[in-house]
Amino acid sequence: MSEQVTRRETLRRGLTAASLLALAADWATPALAEGETEVPFTDIPATFNPNNPSATSRLLDIRKIDGPFTPKEQFFAVQHFNRPEIDPAAFRLKFSGMVKKPTEFSLADLRAMRSTEVGAGYECSGNSGRSMQGLSSCGRFTGVRLSSVLKQLGVQPKAREVVFFGSDHGVQDVVFRQQTFKLEQQFGRSVTLENAMKPEPLLAWALNGEPLTREQGFPLRLIMPGWYGVANVKWLAEVHLQEERYLGNHQARWYRTLRGVGGTGETTDPQTQWVENEVTRMHVKSVIARVTQGAGGRQIFGFVLNDGTPLKSVEVQIDNGPWRKATFDPANTKYSWKRFSYRWDDATPGEHTLVSRATDVNGEVQPSAAELSRKKTFLEDNAQFPRKVMIS
Ligand SMILES: Nc1nc2c(c(=O)[nH]1)N[C@H]1C(S)=C(S)[C@@H](COP(=O)(O)O)O[C@H]1N2
Ligand SMILES: [Mo]
């Protein structure tokens with residue numbers, strides 16, 4: 001099955017998903033049913049306030065997840081500079097550098113091209129238990145394939161790198177060895193031409209069937225399905241093709257991960273190699289988001305995010321007992337978040353610790369926090385996330 005679908009296919013597949021849902025006895029949609037109540041988490045810090053209006057980022061309260069797509073007013077939001085307000089009539093997307101025909105497109109030009117949709121779930125690479133995993137969401141994005149626009153314009157043979165600039169900017173430190181420059185910077189990210197030409201990357205103008213909100217990058221953004229949030233450049237202004245690597249702050253300096261490979265992992269161990277990588281595709285992560293109880297018993301709900309590799313399993317562990325297989329929602333798609341549920345039949349009154357772990361078909365297993373301790377920087381934290389709940 002292709003991960004991107006035309007409108008007609010979406011309709012058809014929507015029906016298929018709905019009929020599958022009706023068949024899946026084990027799966028109940030997480031919207032609270034008659035007489036159902038939430039089982040409270042006891043691990044949420046008193047200071048946790050996902051609705052803090054003065055915060056620069058917006059967190060999703062994952063206890064509220066009750067459908068495949070996050071409503072636009074709840075969708076998490078992160079940005080490094082301002083949130084520019086762009087006049088859609090005056091808007092132009094510029095293609096520059098090593099394209100055969102440098103061109104500007106209006107929104108109408110782009111909308112006139114063949115559009116596709118993708119369900120894309122993603123998280124900020126800084127998402128973790130510290131933010132109660134709230135820097136994550138899943139949306140249905142509509143747009144035009146980046147690859148088809150590039151093919152239409154023609155790419156010069158030497159081009160290797162595709163750089164995406166947002167129209168947001170501000171003064172930032174640019175560090176070179178012991179020197180720090182305070183410079184006006186535009187938000188920029190890049191991918192290789194090879195990745196840009198894959199069928200997934202989308203120049204998207206709609207979220208859940210409506211124009212993007214200002215927070216989510218109105219009027220146009222990049223969506224890189226399967227990649228960490230930072231790749232999804234908002235308020236997209238320019239796509240620039242070049243031969244050299246792009247080394248902007250948000251590509252080469254702010255978004256990288258440092259880990260120890262081999263040896264003991266001690267910082268002084270000569271056998272340990274210190275590997276630094278760019279933040280690109282999502283590492284497999286599962287999260288328990290909510291627990292409910294009612295006439296139909298107790299249910300544990302959660303979601304998995306990853307790079308689109310098919311999943312083998314998601315399991316739930318209760319109070320350090322055996323791992324128990326949870327059930328995937330049949331409405332999940334390749335790049336959506338993958339929702340799961342587990343029917344918890346043997347819960348006893350009192351406090352319990354719950355944790356989940358996802359495994360993909362290549363054998364990639366979501367690590368425990370201890371297993372991830374060789375990662376020295378905080379981004380790309382896909383550690384298992386133990387939760388505490390109180391059964392009354
Ligand atoms: N233009 C622009 N795009 C951006 C950013 C930004 O600061 N400027 N932040 C990135 C980061 S770090 C994340 S996690 C995602 C968040 O996407 P969302 O706000 O739609 O949830 O946007 C990315 N795109
Ligand atoms: Mo991010």
# chains A, B, ... in the order shown; residues from 1 in each chain; ligands from 1
call {"tool": "residues_near_ligand", "arguments": {"ligand": "ligand 2", "cutoff": "7 Å", "atoms": "only C-alpha atoms and all ligand atoms", "output": "PyMOL selection string"}}
result
chain A and resi 78+124-126+229-230
call {"tool": "residues_near_ligand", "arguments": {"ligand": "ligand 1", "cutoff": "7 Å", "atoms": "only C-alpha atoms and all ligand atoms", "output": "PDB file with N, CA and C atoms, in the first residue's frame"}}
result
ATOM      1  N   PHE A  75      -3.184  20.846  18.269  1.00  0.00           N
ATOM      2  CA  PHE A  75      -1.936  20.370  17.644  1.00  0.00           C
ATOM      3  C   PHE A  75      -0.739  21.054  18.306  1.00  0.00           C
ATOM      4  N   PHE A  76       0.264  20.294  18.679  1.00  0.00           N
ATOM      5  CA  PHE A  76       1.422  20.910  19.347  1.00  0.00           C
ATOM      6  C   PHE A  76       2.081  21.911  18.399  1.00  0.00           C
ATOM      7  N   ALA A  77       2.778  22.892  18.968  1.00  0.00           N
ATOM      8  CA  ALA A  77       3.412  23.916  18.136  1.00  0.00           C
ATOM      9  C   ALA A  77       4.763  24.284  18.735  1.00  0.00           C
ATOM     10  N   VAL A  78       5.771  24.293  17.892  1.00  0.00           N
ATOM     11  CA  VAL A  78       7.122  24.696  18.294  1.00  0.00           C
ATOM     12  C   VAL A  78       7.676  25.612  17.217  1.00  0.00           C
ATOM     13  N   GLN A  79       8.316  26.703  17.612  1.00  0.00           N
ATOM     14  CA  GLN A  79       9.042  27.516  16.644  1.00  0.00           C
ATOM     15  C   GLN A  79      10.154  28.253  17.371  1.00  0.00           C
ATOM     16  N   HIS A  80      11.207  28.548  16.622  1.00  0.00           N
ATOM     17  CA  HIS A  80      12.392  29.160  17.223  1.00  0.00           C
ATOM     18  C   HIS A  80      12.370  30.666  17.176  1.00  0.00           C
ATOM     19  N   PHE A  81      11.645  31.231  16.238  1.00  0.00           N
ATOM     20  CA  PHE A  81      11.605  32.689  16.118  1.00  0.00           C
ATOM     21  C   PHE A  81      10.166  33.158  16.332  1.00  0.00           C
ATOM     22  N   GLU A 123       6.789  14.005  16.213  1.00  0.00           N
ATOM     23  CA  GLU A 123       7.103  14.663  17.474  1.00  0.00           C
ATOM     24  C   GLU A 123       8.308  15.553  17.277  1.00  0.00           C
ATOM     25  N   CYS A 124       8.400  16.546  18.146  1.00  0.00           N
ATOM     26  CA  CYS A 124       9.618  17.347  18.232  1.00  0.00           C
ATOM     27  C   CYS A 124      10.711  16.417  18.729  1.00  0.00           C
ATOM     28  N   SER A 125      11.926  16.553  18.216  1.00  0.00           N
ATOM     29  CA  SER A 125      13.002  15.672  18.689  1.00  0.00           C
ATOM     30  C   SER A 125      13.334  15.951  20.149  1.00  0.00           C
ATOM     31  N   SER A 136       3.917  16.252  20.482  1.00  0.00           N
ATOM     32  CA  SER A 136       3.625  15.266  19.444  1.00  0.00           C
ATOM     33  C   SER A 136       2.167  15.403  19.026  1.00  0.00           C
ATOM     34  N   SER A 137       1.884  15.055  17.808  1.00  0.00           N
ATOM     35  CA  SER A 137       0.518  15.136  17.264  1.00  0.00           C
ATOM     36  C   SER A 137       0.467  14.333  15.975  1.00  0.00           C
ATOM     37  N   PHE A 165      13.757  27.222   3.434  1.00  0.00           N
ATOM     38  CA  PHE A 165      13.773  28.373   4.334  1.00  0.00           C
ATOM     39  C   PHE A 165      12.354  28.773   4.700  1.00  0.00           C
ATOM     40  N   GLY A 166      12.128  28.989   5.995  1.00  0.00           N
ATOM     41  CA  GLY A 166      10.876  29.578   6.438  1.00  0.00           C
ATOM     42  C   GLY A 166      10.974  31.081   6.331  1.00  0.00           C
ATOM     43  N   SER A 167       9.853  31.793   6.435  1.00  0.00           N
ATOM     44  CA  SER A 167       9.983  33.253   6.412  1.00  0.00           C
ATOM     45  C   SER A 167      10.206  33.810   7.810  1.00  0.00           C
ATOM     46  N   ASP A 168      10.292  32.956   8.807  1.00  0.00           N
ATOM     47  CA  ASP A 168      10.578  33.435  10.165  1.00  0.00           C
ATOM     48  C   ASP A 168      12.077  33.611  10.344  1.00  0.00           C
ATOM     49  N   PHE A 187      15.059  30.699   9.552  1.00  0.00           N
ATOM     50  CA  PHE A 187      14.958  29.270   9.857  1.00  0.00           C
ATOM     51  C   PHE A 187      15.212  28.470   8.584  1.00  0.00           C
ATOM     52  N   GLU A 215      -0.146  28.921  13.580  1.00  0.00           N
ATOM     53  CA  GLU A 215       0.788  28.154  14.424  1.00  0.00           C
ATOM     54  C   GLU A 215       1.439  27.020  13.635  1.00  0.00           C
ATOM     55  N   GLN A 216       0.671  26.424  12.725  1.00  0.00           N
ATOM     56  CA  GLN A 216       1.183  25.264  11.986  1.00  0.00           C
ATOM     57  C   GLN A 216       1.799  25.657  10.649  1.00  0.00           C
ATOM     58  N   GLY A 217       2.036  26.965  10.412  1.00  0.00           N
ATOM     59  CA  GLY A 217       2.854  27.364   9.268  1.00  0.00           C
ATOM     60  C   GLY A 217       2.122  27.951   8.082  1.00  0.00           C
ATOM     61  N   TYR A 228      11.524  13.611  12.291  1.00  0.00           N
ATOM     62  CA  TYR A 228      11.247  14.446  13.451  1.00  0.00           C
ATOM     63  C   TYR A 228      10.689  15.802  13.005  1.00  0.00           C
ATOM     64  N   GLY A 229       9.926  16.419  13.912  1.00  0.00           N
ATOM     65  CA  GLY A 229       9.208  17.666  13.627  1.00  0.00           C
ATOM     66  C   GLY A 229      10.045  18.755  12.974  1.00  0.00           C
ATOM     67  N   VAL A 230      11.305  18.859  13.374  1.00  0.00           N
ATOM     68  CA  VAL A 230      12.134  19.972  12.910  1.00  0.00           C
ATOM     69  C   VAL A 230      12.277  20.000  11.383  1.00  0.00           C
ATOM     70  N   ALA A 231      12.110  18.832  10.752  1.00  0.00           N
ATOM     71  CA  ALA A 231      12.232  18.776   9.285  1.00  0.00           C
ATOM     72  C   ALA A 231      11.052  19.447   8.586  1.00  0.00           C
ATOM     73  N   ASN A 232       9.942  19.597   9.303  1.00  0.00           N
ATOM     74  CA  ASN A 232       8.696  20.064   8.678  1.00  0.00           C
ATOM     75  C   ASN A 232       8.633  21.592   8.670  1.00  0.00           C
ATOM     76  N   VAL A 233       9.433  22.198   7.820  1.00  0.00           N
ATOM     77  CA  VAL A 233       9.611  23.652   7.824  1.00  0.00           C
ATOM     78  C   VAL A 233       8.280  24.371   7.584  1.00  0.00           C
ATOM     79  N   LYS A 234       7.945  25.257   8.521  1.00  0.00           N
ATOM     80  CA  LYS A 234       6.685  26.010   8.455  1.00  0.00           C
ATOM     81  C   LYS A 234       6.916  27.344   7.739  1.00  0.00           C
ATOM     82  N   TRP A 235       5.832  28.014   7.392  1.00  0.00           N
ATOM     83  CA  TRP A 235       5.886  29.329   6.713  1.00  0.00           C
ATOM     84  C   TRP A 235       6.925  29.285   5.577  1.00  0.00           C
ATOM     85  N   LEU A 236       6.862  28.216   4.800  1.00  0.00           N
ATOM     86  CA  LEU A 236       7.877  27.949   3.776  1.00  0.00           C
ATOM     87  C   LEU A 236       7.928  29.090   2.757  1.00  0.00           C
TER      88      LEU A 236
END
call {"tool": "atom_distance", "arguments": {"atom1": "CA of Asn208 in chain A", "atom2": "CA of Asn127 in chain A"}}
result
22.6 Å
call {"tool": "residues_around", "arguments": {"residues": "Pro199 in chain A", "least_positions_apart": "3", "cutoff": "12 Å", "atoms": "only C-alpha atoms", "output": "list in words"}}
result
Ser2, Glu3, Gln4, Val5, Thr116, Glu117, Val118, Val144, Arg145, Leu146, Ser147, Ser148, Val149, Leu150, Lys151, Glu194, Asn195, Ala196, Leu202, Leu203, Ile223, Met224 and Pro225 of chain A
call {"tool": "residues_around", "arguments": {"residues": "range 360-367 of chain A", "least_positions_apart": "2", "cutoff": "9 Å", "atoms": "only C-alpha atoms", "output": "list in words"}}
result
His283, Val284, Lys285, Ser286, Asn306, Thr309, Pro310, Leu311, Lys312, Ser313, Val314, Ser356, Arg357, Ala358, Ala369, Ala370, Glu371, Leu372, Asn382, Ala383 and Gln384 of chain A
call {"tool": "select_by_dssp", "arguments": {"residues": "range 85-130 of chain A", "states": "strand (DSSP E or B)", "output": "ChimeraX atom specification"}}
result
/A:93-97,99,103-105,116-123
call {"tool": "residues_around", "arguments": {"residues": "Cys138 in chain A", "least_positions_apart": "5", "cutoff": "6 Å", "atoms": "only C-alpha atoms", "output": "MDAnalysis selection string"}}
result
chainID A and resid 69:70 120:121
call {"tool": "write_last_selection", "arguments": {"atoms": "N, CA, C and O atoms", "output": "short mmCIF file (atom, residue, chain, number, x, y, z; two decimals), in the first residue's frame"}}
result
data_model
loop_
_atom_site.label_atom_id
_atom_site.label_comp_id
_atom_site.auth_asym_id
_atom_site.auth_seq_id
_atom_site.Cartn_x
_atom_site.Cartn_y
_atom_site.Cartn_z
N PHE A 69 -6.63 11.83 14.31
CA PHE A 69 -5.96 13.10 14.00
C PHE A 69 -6.18 14.11 15.12
O PHE A 69 -7.25 14.16 15.72
N THR A 70 -5.16 14.90 15.38
CA THR A 70 -5.22 15.90 16.43
C THR A 70 -5.97 17.13 15.92
O THR A 70 -5.60 17.68 14.88
N ALA A 120 0.20 12.15 8.85
CA ALA A 120 1.57 12.23 9.36
C ALA A 120 1.54 12.51 10.86
O ALA A 120 1.02 13.53 11.29
N GLY A 121 2.09 11.57 11.61
CA GLY A 121 2.27 11.76 13.05
C GLY A 121 3.73 12.07 13.28
O GLY A 121 4.60 11.45 12.68
#
call {"tool": "closest_residue", "arguments": {"among": "A:Gly265, A:Leu241, A:Pro71, A:Glu34", "to": "Pro102 in chain A", "atoms": "only C-alpha atoms"}}
result
A:Leu241
